[in-house]
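As structure tokens, the structure follows; a few thoughts come after it.
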Amino acid sequence: MELVNGENIDELIQAQSHIWNHTFHFIKSMALKCAIQLAIPDIINRHGQPMTLSELALALRVHPAKTQHLNRLMCLLIHSGFFNYTQTASNLNPSCQEGYTLTSASRLLLKESNLFDLRPFISLILDPIIFEPYNHLAPFLQNDDPSAFNTAFGEPLWSYAGHDSRVSNVFNEAMASDSLMMGRAVMVKCKNVFEGLNSLIDAGGGTGNMAKAIAETFPSLNCTVLDFPHAVSDLKGSKNLSFLGGDMFQAIPPADAVLLKWILHDWSDEECIKILKNCKEAISGNGKVIIIDMVMGSHENWTETQLLFDMEMMACVTGKERNEKEWAKLFFDSGYTTYKIHNVLGPRALIEVYP
């Protein structure tokens, strides 16, 4: 056994702290979930100025004996970057007010927002059904199940959601929330990718928030959202936006371009090739496929985000996050000849793929 001495004790203490931080890391997620459940961002936003602890406790109807418990929750959320706390006014800055204020992150958690509401995505990832597969990672690695979700529940996520309307609704709301933000981002960062197109199929486009952003930006571009009939039967389109029931694994209607936004990372290589081959038939050799997904290793700033998403794909579905070499193999194995990656969407990228 290695002797503990003055030279290595600091290293051991640091290692212990590292282990503690990772062991307790789930508490940060649960604190964030609690803040959303209590609508803390909205309450602070409606207050219109820095909000003191006592004002927040009163607005939340916190039990009188739990005010300091609320303070402890807020301390962690401040440390995690979801709120700021301004100090009491001083002679140097008499206009400064004491209290909690929002950050850029908590502004994305506002129900009453003119920007984007990412609460549905958090609700999905922290849902007990999505969380449970992580308790089964060890046996999953030792059996032949296609995902840890299968190990936990005896069936794939997609079939489970098919007979559990609550899980299906939580998933659809999360994807709609993400598409609302991503649609705006793509129109700012990659608008030129859609110029010159006359028709576009948004395969697996759900409620159509992504396609709506494209259709509004390009009034002459006919956009069609393709998804399962039960998912689109009650949705209404507009002048250049329509919804079509179907299955991208069976066939995709002809178009100048097919959009696959956050689709392929859900599926195995074999399943992705089937989708991509159907896309290739749809674009008739002259169009392109537009993919929005992660490219692992694209930038060191996003490494942790990409690794965490890769684990989510392993735990819940049969897919993975892929690096450029893996993407290229998928494209070439599906009969495409070239591709272009635009790393302009943070941890995700937009990829143009050509036959």
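Letters A, B, ... mark the chains of the structure tokens in the order given; residue numbers begin at 1 per chain; ligand numbers begin at 1, in order shown.
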
Query raised in the report: Can you list, as a ChimeraX atom specification, every protein, DNA or RNA residue that comes within 9 Å of Gly246 of chain A when you count only C-alpha atoms, leaving out same-chain residues fewer than 5 positions away?
Result: /A:226-229,251-252

Write to file, as an mmCIF file, in the first residue's frame, the residues of the selection just made, with C-alpha atoms.
```cif
data_model
loop_
_atom_site.group_PDB
_atom_site.id
_atom_site.type_symbol
_atom_site.label_atom_id
_atom_site.label_comp_id
_atom_site.auth_asym_id
_atom_site.auth_seq_id
_atom_site.Cartn_x
_atom_site.Cartn_y
_atom_site.Cartn_z
ATOM 1 C CA LEU A 226 -43.214 13.959 -42.680
ATOM 2 C CA ASP A 227 -43.969 12.059 -39.470
ATOM 3 C CA PHE A 228 -46.117 9.204 -38.219
ATOM 4 C CA PRO A 229 -49.820 9.728 -39.018
ATOM 5 C CA ALA A 251 -40.339 5.999 -48.214
ATOM 6 C CA ILE A 252 -39.785 9.750 -48.426
#
```

Which residues of segment 111-228 of chain A come within 12 Å of segment 319-330 of chain A, and what is each one's closest atom pair and distance in Å (one decimal), counting only C-alpha atoms, sorted by chain and residue number, as JSON lines?
```
{"residue": "A:Pro146", "atom": "CA", "partner": "A:Gly319", "partner_atom": "CA", "distance": 9.5}
{"residue": "A:Ser147", "atom": "CA", "partner": "A:Gly319", "partner_atom": "CA", "distance": 9.0}
{"residue": "A:Ala148", "atom": "CA", "partner": "A:Gly319", "partner_atom": "CA", "distance": 11.8}
{"residue": "A:Pro156", "atom": "CA", "partner": "A:Gly319", "partner_atom": "CA", "distance": 11.9}
{"residue": "A:Leu157", "atom": "CA", "partner": "A:Gly319", "partner_atom": "CA", "distance": 11.9}
```

Taking N, CA and C atoms for each residue, export the selection above as an mmCIF file, in the first residue's frame.
```
data_model
loop_
_atom_site.group_PDB
_atom_site.id
_atom_site.type_symbol
_atom_site.label_atom_id
_atom_site.label_comp_id
_atom_site.auth_asym_id
_atom_site.auth_seq_id
_atom_site.Cartn_x
_atom_site.Cartn_y
_atom_site.Cartn_z
ATOM 1 N N PRO A 146 -30.162 -4.077 -26.945
ATOM 2 C CA PRO A 146 -29.741 -2.978 -27.832
ATOM 3 C C PRO A 146 -29.546 -1.648 -27.114
ATOM 4 N N SER A 147 -30.163 -1.477 -25.938
ATOM 5 C CA SER A 147 -29.979 -0.239 -25.166
ATOM 6 C C SER A 147 -30.227 -0.531 -23.694
ATOM 7 N N ALA A 148 -29.755 0.379 -22.833
ATOM 8 C CA ALA A 148 -30.022 0.231 -21.407
ATOM 9 C C ALA A 148 -31.509 0.421 -21.105
ATOM 10 N N PRO A 156 -37.887 -1.223 -26.442
ATOM 11 C CA PRO A 156 -37.250 0.033 -26.839
ATOM 12 C C PRO A 156 -38.053 1.243 -26.374
ATOM 13 N N LEU A 157 -37.370 2.378 -26.294
ATOM 14 C CA LEU A 157 -38.020 3.627 -25.910
ATOM 15 C C LEU A 157 -39.196 3.938 -26.831
#
```

**Report entry** Expected answer as a ChimeraX atom specification: strand (DSSP E) residues in segment 99-229 of chain A
**Finding:** /A:99-102,199-203,222-227

Residue subset to file, keeping N, CA, C and O atoms, as an mmCIF file, in the first residue's frame:
```cif
data_model
loop_
_atom_site.group_PDB
_atom_site.id
_atom_site.type_symbol
_atom_site.label_atom_id
_atom_site.label_comp_id
_atom_site.auth_asym_id
_atom_site.auth_seq_id
_atom_site.Cartn_x
_atom_site.Cartn_y
_atom_site.Cartn_z
ATOM 1 N N GLY A 99 -30.651 41.547 -4.417
ATOM 2 C CA GLY A 99 -31.611 40.529 -4.792
ATOM 3 C C GLY A 99 -31.167 39.657 -5.952
ATOM 4 O O GLY A 99 -30.114 39.877 -6.558
ATOM 5 N N TYR A 100 -31.980 38.654 -6.261
ATOM 6 C CA TYR A 100 -31.705 37.709 -7.335
ATOM 7 C C TYR A 100 -32.117 38.299 -8.682
ATOM 8 O O TYR A 100 -33.145 38.967 -8.809
ATOM 9 N N THR A 101 -31.307 38.024 -9.688
ATOM 10 C CA THR A 101 -31.625 38.402 -11.063
ATOM 11 C C THR A 101 -31.361 37.206 -11.976
ATOM 12 O O THR A 101 -30.695 36.239 -11.587
ATOM 13 N N LEU A 102 -31.886 37.292 -13.188
ATOM 14 C CA LEU A 102 -31.734 36.205 -14.144
ATOM 15 C C LEU A 102 -30.386 36.274 -14.867
ATOM 16 O O LEU A 102 -29.745 37.316 -14.925
ATOM 17 N N SER A 199 -38.543 22.841 -52.931
ATOM 18 C CA SER A 199 -39.295 21.929 -52.069
ATOM 19 C C SER A 199 -38.368 21.286 -51.048
ATOM 20 O O SER A 199 -37.188 21.032 -51.326
ATOM 21 N N LEU A 200 -38.929 21.022 -49.858
ATOM 22 C CA LEU A 200 -38.139 20.429 -48.775
ATOM 23 C C LEU A 200 -39.030 19.522 -47.943
ATOM 24 O O LEU A 200 -40.167 19.866 -47.625
ATOM 25 N N ILE A 201 -38.517 18.345 -47.594
ATOM 26 C CA ILE A 201 -39.192 17.421 -46.691
ATOM 27 C C ILE A 201 -38.453 17.449 -45.350
ATOM 28 O O ILE A 201 -37.250 17.198 -45.289
ATOM 29 N N ASP A 202 -39.164 17.773 -44.287
ATOM 30 C CA ASP A 202 -38.603 17.702 -42.938
ATOM 31 C C ASP A 202 -38.995 16.352 -42.367
ATOM 32 O O ASP A 202 -40.097 16.169 -41.828
ATOM 33 N N ALA A 203 -38.110 15.357 -42.515
ATOM 34 C CA ALA A 203 -38.419 13.988 -42.116
ATOM 35 C C ALA A 203 -38.309 13.838 -40.601
ATOM 36 O O ALA A 203 -37.294 14.177 -40.006
ATOM 37 N N ASN A 222 -41.729 25.296 -50.701
ATOM 38 C CA ASN A 222 -42.779 24.414 -50.189
ATOM 39 C C ASN A 222 -42.178 23.398 -49.211
ATOM 40 O O ASN A 222 -41.373 22.549 -49.609
ATOM 41 N N CYS A 223 -42.577 23.513 -47.952
ATOM 42 C CA CYS A 223 -42.044 22.649 -46.898
ATOM 43 C C CYS A 223 -43.100 21.644 -46.457
ATOM 44 O O CYS A 223 -44.250 22.007 -46.207
ATOM 45 N N THR A 224 -42.694 20.371 -46.362
ATOM 46 C CA THR A 224 -43.591 19.313 -45.913
ATOM 47 C C THR A 224 -42.972 18.593 -44.723
ATOM 48 O O THR A 224 -41.820 18.155 -44.787
ATOM 49 N N VAL A 225 -43.733 18.493 -43.642
ATOM 50 C CA VAL A 225 -43.281 17.757 -42.459
ATOM 51 C C VAL A 225 -43.790 16.333 -42.573
ATOM 52 O O VAL A 225 -44.999 16.095 -42.648
ATOM 53 N N LEU A 226 -42.874 15.385 -42.610
ATOM 54 C CA LEU A 226 -43.214 13.959 -42.680
ATOM 55 C C LEU A 226 -43.022 13.332 -41.304
ATOM 56 O O LEU A 226 -41.929 13.373 -40.744
ATOM 57 N N ASP A 227 -44.074 12.761 -40.753
ATOM 58 C CA ASP A 227 -43.969 12.059 -39.470
ATOM 59 C C ASP A 227 -45.098 11.037 -39.398
ATOM 60 O O ASP A 227 -45.963 10.989 -40.274
#
```

Requested in this report: Using only C-alpha atoms, find the one residue out of A:Glu55, A:Phe83, A:Pro128, A:Arg166 that sits nearest to Phe149 of chain A.
Outcome: A:Pro128

Requested in this report: Taking the DSSP assignment computed from this structure's backbone, write out as a list in words all residues of segment 134-165 of chain A that belong to alpha helix (DSSP H).
Outcome: Leu137, Ala138, Pro139, Phe140, Leu141, Gln142, Ala148, Phe149, Asn150, Thr151, Ala152, Phe153, Leu157, Trp158, Ser159, Tyr160, Ala161, Gly162, His163 and Ser165 of chain A

Would you put the residues from that selection into a file with N, CA and C atoms, as a PDB file, in the first residue's frame?
```
ATOM      1  N   LEU A 137     -26.901   0.461 -16.504  1.00  0.00           N
ATOM      2  CA  LEU A 137     -25.782   0.479 -17.445  1.00  0.00           C
ATOM      3  C   LEU A 137     -24.875  -0.737 -17.290  1.00  0.00           C
ATOM      4  N   ALA A 138     -24.589  -1.115 -16.059  1.00  0.00           N
ATOM      5  CA  ALA A 138     -23.676  -2.249 -15.834  1.00  0.00           C
ATOM      6  C   ALA A 138     -24.226  -3.543 -16.423  1.00  0.00           C
ATOM      7  N   PRO A 139     -25.470  -3.941 -16.090  1.00  0.00           N
ATOM      8  CA  PRO A 139     -25.977  -5.168 -16.723  1.00  0.00           C
ATOM      9  C   PRO A 139     -26.135  -5.032 -18.237  1.00  0.00           C
ATOM     10  N   PHE A 140     -26.457  -3.819 -18.724  1.00  0.00           N
ATOM     11  CA  PHE A 140     -26.569  -3.604 -20.166  1.00  0.00           C
ATOM     12  C   PHE A 140     -25.248  -3.928 -20.868  1.00  0.00           C
ATOM     13  N   LEU A 141     -24.131  -3.528 -20.274  1.00  0.00           N
ATOM     14  CA  LEU A 141     -22.829  -3.774 -20.885  1.00  0.00           C
ATOM     15  C   LEU A 141     -22.463  -5.262 -20.883  1.00  0.00           C
ATOM     16  N   GLN A 142     -23.176  -6.045 -20.087  1.00  0.00           N
ATOM     17  CA  GLN A 142     -22.856  -7.475 -19.990  1.00  0.00           C
ATOM     18  C   GLN A 142     -23.899  -8.364 -20.661  1.00  0.00           C
ATOM     19  N   ALA A 148     -29.755   0.379 -22.833  1.00  0.00           N
ATOM     20  CA  ALA A 148     -30.022   0.231 -21.407  1.00  0.00           C
ATOM     21  C   ALA A 148     -31.509   0.421 -21.105  1.00  0.00           C
ATOM     22  N   PHE A 149     -32.198   1.166 -21.969  1.00  0.00           N
ATOM     23  CA  PHE A 149     -33.652   1.305 -21.815  1.00  0.00           C
ATOM     24  C   PHE A 149     -34.316  -0.058 -21.942  1.00  0.00           C
ATOM     25  N   ASN A 150     -33.877  -0.847 -22.908  1.00  0.00           N
ATOM     26  CA  ASN A 150     -34.404  -2.203 -23.046  1.00  0.00           C
ATOM     27  C   ASN A 150     -34.150  -3.030 -21.796  1.00  0.00           C
ATOM     28  N   THR A 151     -32.957  -2.898 -21.235  1.00  0.00           N
ATOM     29  CA  THR A 151     -32.627  -3.647 -20.028  1.00  0.00           C
ATOM     30  C   THR A 151     -33.540  -3.251 -18.878  1.00  0.00           C
ATOM     31  N   ALA A 152     -33.834  -1.956 -18.791  1.00  0.00           N
ATOM     32  CA  ALA A 152     -34.666  -1.457 -17.690  1.00  0.00           C
ATOM     33  C   ALA A 152     -36.138  -1.807 -17.866  1.00  0.00           C
ATOM     34  N   PHE A 153     -36.647  -1.719 -19.108  1.00  0.00           N
ATOM     35  CA  PHE A 153     -38.092  -1.824 -19.322  1.00  0.00           C
ATOM     36  C   PHE A 153     -38.515  -2.976 -20.232  1.00  0.00           C
ATOM     37  N   LEU A 157     -37.370   2.378 -26.294  1.00  0.00           N
ATOM     38  CA  LEU A 157     -38.020   3.627 -25.910  1.00  0.00           C
ATOM     39  C   LEU A 157     -39.196   3.938 -26.831  1.00  0.00           C
ATOM     40  N   TRP A 158     -39.006   3.733 -28.142  1.00  0.00           N
ATOM     41  CA  TRP A 158     -40.033   4.137 -29.096  1.00  0.00           C
ATOM     42  C   TRP A 158     -41.320   3.342 -28.901  1.00  0.00           C
ATOM     43  N   SER A 159     -41.213   2.039 -28.651  1.00  0.00           N
ATOM     44  CA  SER A 159     -42.426   1.253 -28.435  1.00  0.00           C
ATOM     45  C   SER A 159     -43.042   1.573 -27.078  1.00  0.00           C
ATOM     46  N   TYR A 160     -42.205   1.860 -26.072  1.00  0.00           N
ATOM     47  CA  TYR A 160     -42.723   2.253 -24.764  1.00  0.00           C
ATOM     48  C   TYR A 160     -43.542   3.535 -24.885  1.00  0.00           C
ATOM     49  N   ALA A 161     -42.988   4.517 -25.607  1.00  0.00           N
ATOM     50  CA  ALA A 161     -43.706   5.781 -25.798  1.00  0.00           C
ATOM     51  C   ALA A 161     -44.974   5.575 -26.612  1.00  0.00           C
ATOM     52  N   GLY A 162     -44.986   4.530 -27.443  1.00  0.00           N
ATOM     53  CA  GLY A 162     -46.159   4.260 -28.256  1.00  0.00           C
ATOM     54  C   GLY A 162     -47.384   3.885 -27.451  1.00  0.00           C
ATOM     55  N   HIS A 163     -47.172   3.283 -26.265  1.00  0.00           N
ATOM     56  CA  HIS A 163     -48.321   2.911 -25.439  1.00  0.00           C
ATOM     57  C   HIS A 163     -48.388   3.706 -24.136  1.00  0.00           C
ATOM     58  N   SER A 165     -48.851   7.501 -23.338  1.00  0.00           N
ATOM     59  CA  SER A 165     -49.078   8.817 -23.931  1.00  0.00           C
ATOM     60  C   SER A 165     -48.345   9.927 -23.171  1.00  0.00           C
TER      61      SER A 165
END
```

With the cut-off set at 10 Å and counting only C-alpha atoms, tabulate each residue of segment 148-192 of chain A with an atom at most that distance from an atom of segment 260-282 of chain A, showing the nearest atom pair and its distance in Å to one decimal, ordered by chain and increasing number, as JSON lines.
```
{"residue": "A:Met175", "atom": "CA", "partner": "A:Trp262", "partner_atom": "CA", "distance": 9.0}
{"residue": "A:Asp178", "atom": "CA", "partner": "A:Trp262", "partner_atom": "CA", "distance": 9.7}
{"residue": "A:Ser179", "atom": "CA", "partner": "A:Lys261", "partner_atom": "CA", "distance": 8.3}
{"residue": "A:Met182", "atom": "CA", "partner": "A:Lys261", "partner_atom": "CA", "distance": 9.2}
{"residue": "A:Gly183", "atom": "CA", "partner": "A:Lys261", "partner_atom": "CA", "distance": 9.8}
```

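Nearest residue to Ser220 of chain A, choosing from A:Ala35, A:Leu241, A:Ile19, A:Ile27 and counting only C-alpha atoms: A:Leu241.
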
Query raised in the report: With only C-alpha atoms as the atoms that count, which of A:Asn286, A:Thr52, A:Ser298, A:Asn343 lies nearest to Lys189 of chain A?
Result: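 Smallest distance to Lys189 of chain A is found for A:Asn343.
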
Pull the closest atom pair for each residue of segment 323-351 of chain A that gets at most 7 Å from segment 288-297 of chain A, along with the distance in Å to one decimal, counting only C-alpha atoms, ordering rows by chain and then ascending residue number, as a tab-separated table.
```
residue	atom	partner	partner_atom	distance
A:Asn323	CA	A:Met296	CA	4.3
A:Glu324	CA	A:Val295	CA	6.0
A:Pro347	CA	A:Met294	CA	6.1
A:Arg348	CA	A:Met294	CA	4.1
A:Ala349	CA	A:Met294	CA	5.6
A:Leu350	CA	A:Ile292	CA	4.6
A:Ile351	CA	A:Ile291	CA	5.0
```

May I have the selected residues written with N, CA, C and O atoms, as a short mmCIF file (atom, residue, chain, number, x, y, z; two decimals), in the first residue's frame?
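This went into result-v5.cif:
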```
data_model
loop_
_atom_site.label_atom_id
_atom_site.label_comp_id
_atom_site.auth_asym_id
_atom_site.auth_seq_id
_atom_site.Cartn_x
_atom_site.Cartn_y
_atom_site.Cartn_z
N ASN A 323 -18.27 11.05 -35.01
CA ASN A 323 -17.23 11.99 -35.45
C ASN A 323 -17.27 12.07 -36.98
O ASN A 323 -18.05 11.36 -37.64
N GLU A 324 -16.46 12.93 -37.55
CA GLU A 324 -16.54 13.14 -39.00
C GLU A 324 -16.25 11.88 -39.78
O GLU A 324 -16.91 11.58 -40.79
N PRO A 347 -22.59 22.83 -30.11
CA PRO A 347 -22.19 21.42 -30.11
C PRO A 347 -22.72 20.64 -31.30
O PRO A 347 -22.26 19.55 -31.59
N ARG A 348 -23.69 21.22 -32.02
CA ARG A 348 -24.22 20.58 -33.21
C ARG A 348 -23.65 21.23 -34.47
O ARG A 348 -23.06 22.30 -34.41
N ALA A 349 -23.87 20.59 -35.59
CA ALA A 349 -23.41 21.10 -36.87
C ALA A 349 -24.51 20.91 -37.91
O ALA A 349 -25.42 20.10 -37.72
N LEU A 350 -24.43 21.66 -38.97
CA LEU A 350 -25.28 21.43 -40.13
C LEU A 350 -24.40 20.79 -41.21
O LEU A 350 -23.34 21.32 -41.54
N ILE A 351 -24.88 19.67 -41.74
CA ILE A 351 -24.12 18.93 -42.76
C ILE A 351 -24.95 18.86 -44.04
O ILE A 351 -26.09 18.43 -44.03
#
```

Query raised in the report: Separation of atom CA of Glu98 of chain A and atom CA of Asp117 of chain A, in Å?
Result: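 Taking atom CA of Glu98 of chain A as the start and atom CA of Asp117 of chain A as the end point, the length is 26.9 Å.
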
Report task. Excluding Leu32 of chain A and residues on its chain fewer than 2 positions from it, collect all residues at most 12 Å away from it, counting only C-alpha atoms, and give them as an MDAnalysis selection string. Result -> chainID A and resid 25:30 34:41 73:83 105:106 109 118:119 122:123 125:126

Report task. Have a look at A:Phe121, A:Cys316, A:Ala213, A:Ser334 and name the one nearest to Lys191 of chain A; count only C-alpha atoms. Result ->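 Smallest distance to Lys191 of chain A is found for A:Ala213.
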
Requested in this report: Quick one: pull the distance between atom CA of Leu180 of chain A and atom CA of Phe131 of chain A, Å, one decimal.
Outcome: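 Between atom CA of Leu180 of chain A and atom CA of Phe131 of chain A the gap is 24.5 Å.
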
Query - Selected residue, from A:Thr318, A:Ser284, A:Leu53, A:Val344, that lies nearest to Glu155 of chain A when counting only C-alpha atoms - result: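 Residue with the minimum atom-to-atom distance to Glu155 of chain A: A:Thr318.
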
**Report entry** Selection: 9 Å around Val232 of chain A, only C-alpha atoms, excl. self and same-chain fewer than 6 positions, as a PyMOL selection string
**Finding:** chain A and resi 206-208+225-226+243-245

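For the pair atom CA of Val353 of chain A and atom CA of Gly205 of chain A, the interatomic distance is 18.5 Å.
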